[in-house]
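Working notes, structure below.
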Amino acid sequence: QVQLVESGGELVQAGGSLSLSCAASGRSFSSYAMGWFRQAPGKPREFVVCISRDGFVTYYADSVKGRFTISRDNAKNTVYLQMNSLKPEDTAVYYCAAKPSIYSATYYYTSSQYNYWGQGTQVTVSS
């Protein structure tokens, strides 16, 4: 089992940048594929980006491709989300999620595939 805690969300102006972190506690962080999802008020949770266990394979939603970057440091049990060129439509609660995986280079981009979730961190982008 793994516990996830997100941090780094705050209010930022459009065009600005933010870096989110998701710290994992528990055992064997490197055995989990990780993902970031977000949920805006009144909207369903949506996929943002995911990364394989080994960190070498990533997959981005079209809406964030070229602006967001996911990375992970398995030695620090942490996954990061660097967000640049932020837009008001990026405003949402951002959640990280973990899925145990036997495959080192596989990613998962649907929320139902993930077993563990953090509590979320609020990102607000003002226009």
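We label chains A, B, ... in the order they appear in the structure tokens, count residues from 1 in each chain, and number ligands from 1 in the order shown.
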Quiz prompt | For stretch 114-122 of chain A: contacts at 9 Å, only C-alpha atoms, fewer than 2 positions along chain excluded, given as a PyMOL selection string | solution = chain A and resi 1-11+20+22+33-35+38+91-100+108-112+124
Quiz prompt | Long-range neighbours of A:Asn84 as a ChimeraX atom specification, 8 Å cut-off, only C-alpha atoms, 6 positions minimum in chain | solution = /A:15-18,67-68
What would the file look like if the residues just selected were written as an mmCIF file, in the first residue's frame with all heavy atoms?
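Written output follows (selection-v8.cif):
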data_model
loop_
_atom_site.group_PDB
_atom_site.id
_atom_site.type_symbol
_atom_site.label_atom_id
_atom_site.label_comp_id
_atom_site.auth_asym_id
_atom_site.auth_seq_id
_atom_site.Cartn_x
_atom_site.Cartn_y
_atom_site.Cartn_z
ATOM 1 N N GLY A 15 -0.156 32.359 -17.881
ATOM 2 C CA GLY A 15 1.176 32.460 -18.454
ATOM 3 C C GLY A 15 2.274 32.075 -17.488
ATOM 4 O O GLY A 15 3.432 31.907 -17.892
ATOM 5 N N GLY A 16 1.921 31.928 -16.230
ATOM 6 C CA GLY A 16 2.903 31.591 -15.221
ATOM 7 C C GLY A 16 3.176 30.095 -15.137
ATOM 8 O O GLY A 16 2.657 29.297 -15.932
ATOM 9 N N SER A 17 3.973 29.737 -14.146
ATOM 10 C CA SER A 17 4.389 28.345 -13.970
ATOM 11 C C SER A 17 4.182 27.908 -12.529
ATOM 12 O O SER A 17 4.203 28.723 -11.608
ATOM 13 C CB SER A 17 5.873 28.178 -14.325
ATOM 14 O OG SER A 17 6.116 28.477 -15.675
ATOM 15 N N LEU A 18 3.985 26.606 -12.368
ATOM 16 C CA LEU A 18 3.898 25.989 -11.054
ATOM 17 C C LEU A 18 4.534 24.618 -11.125
ATOM 18 O O LEU A 18 4.520 23.977 -12.184
ATOM 19 C CB LEU A 18 2.441 25.813 -10.607
ATOM 20 C CG LEU A 18 1.716 26.950 -9.892
ATOM 21 C CD1 LEU A 18 0.302 26.524 -9.570
ATOM 22 C CD2 LEU A 18 2.462 27.388 -8.659
ATOM 23 N N ARG A 67 3.218 21.867 -22.602
ATOM 24 C CA ARG A 67 3.224 22.848 -21.498
ATOM 25 C C ARG A 67 3.564 22.204 -20.162
ATOM 26 O O ARG A 67 4.195 22.834 -19.317
ATOM 27 C CB ARG A 67 1.847 23.517 -21.387
ATOM 28 C CG ARG A 67 1.414 24.251 -22.629
ATOM 29 C CD ARG A 67 0.147 25.061 -22.385
ATOM 30 N NE ARG A 67 -0.984 24.222 -22.034
ATOM 31 C CZ ARG A 67 -1.685 24.340 -20.905
ATOM 32 N NH1 ARG A 67 -1.354 25.259 -20.010
ATOM 33 N NH2 ARG A 67 -2.717 23.542 -20.668
ATOM 34 N N PHE A 68 3.140 20.962 -19.971
ATOM 35 C CA PHE A 68 3.366 20.258 -18.706
ATOM 36 C C PHE A 68 4.422 19.179 -18.906
ATOM 37 O O PHE A 68 4.534 18.591 -19.981
ATOM 38 C CB PHE A 68 2.086 19.592 -18.217
ATOM 39 C CG PHE A 68 1.009 20.516 -17.739
ATOM 40 C CD1 PHE A 68 1.070 21.890 -17.956
ATOM 41 C CD2 PHE A 68 -0.106 20.007 -17.069
ATOM 42 C CE1 PHE A 68 0.064 22.738 -17.509
ATOM 43 C CE2 PHE A 68 -1.122 20.844 -16.612
ATOM 44 C CZ PHE A 68 -1.033 22.213 -16.838
#
Quiz prompt | Computed interatomic separation between atom CA of A:Leu81 and atom CA of A:Thr69 (Å) | solution =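 That distance, rounded to one decimal, is 5.7 Å.
Between A:Cys50 and the residues A:Ser30, A:Ser19, A:Ala14, A:Thr106, the shortest atom-to-atom distance, using only C-alpha atoms, involves A:Thr106.
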Quiz prompt | Atom pair atom CA of A:Lys43 / atom CA of A:Ser101: separation (Å) | solution =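 Going from atom CA of A:Lys43 over to atom CA of A:Ser101, I get 28.7 Å.
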Practice problem: Apply DSSP to the structure's backbone, then extract all residues of stretch 17-117 of chain A labelled strand (DSSP E) and return them as a VMD selection string. | Solution: chain A and resid 18 to 26 32 to 39 46 to 51 58 to 60 68 to 73 78 to 83 92 to 100 116 to 117
Quiz item: Contacts of A:Val57 at 8 Å or less, counting only C-alpha atoms, minus same-chain residues fewer than 5 places along, as a VMD selection string?
Solution: chain A and resid 51 to 52 105 to 107
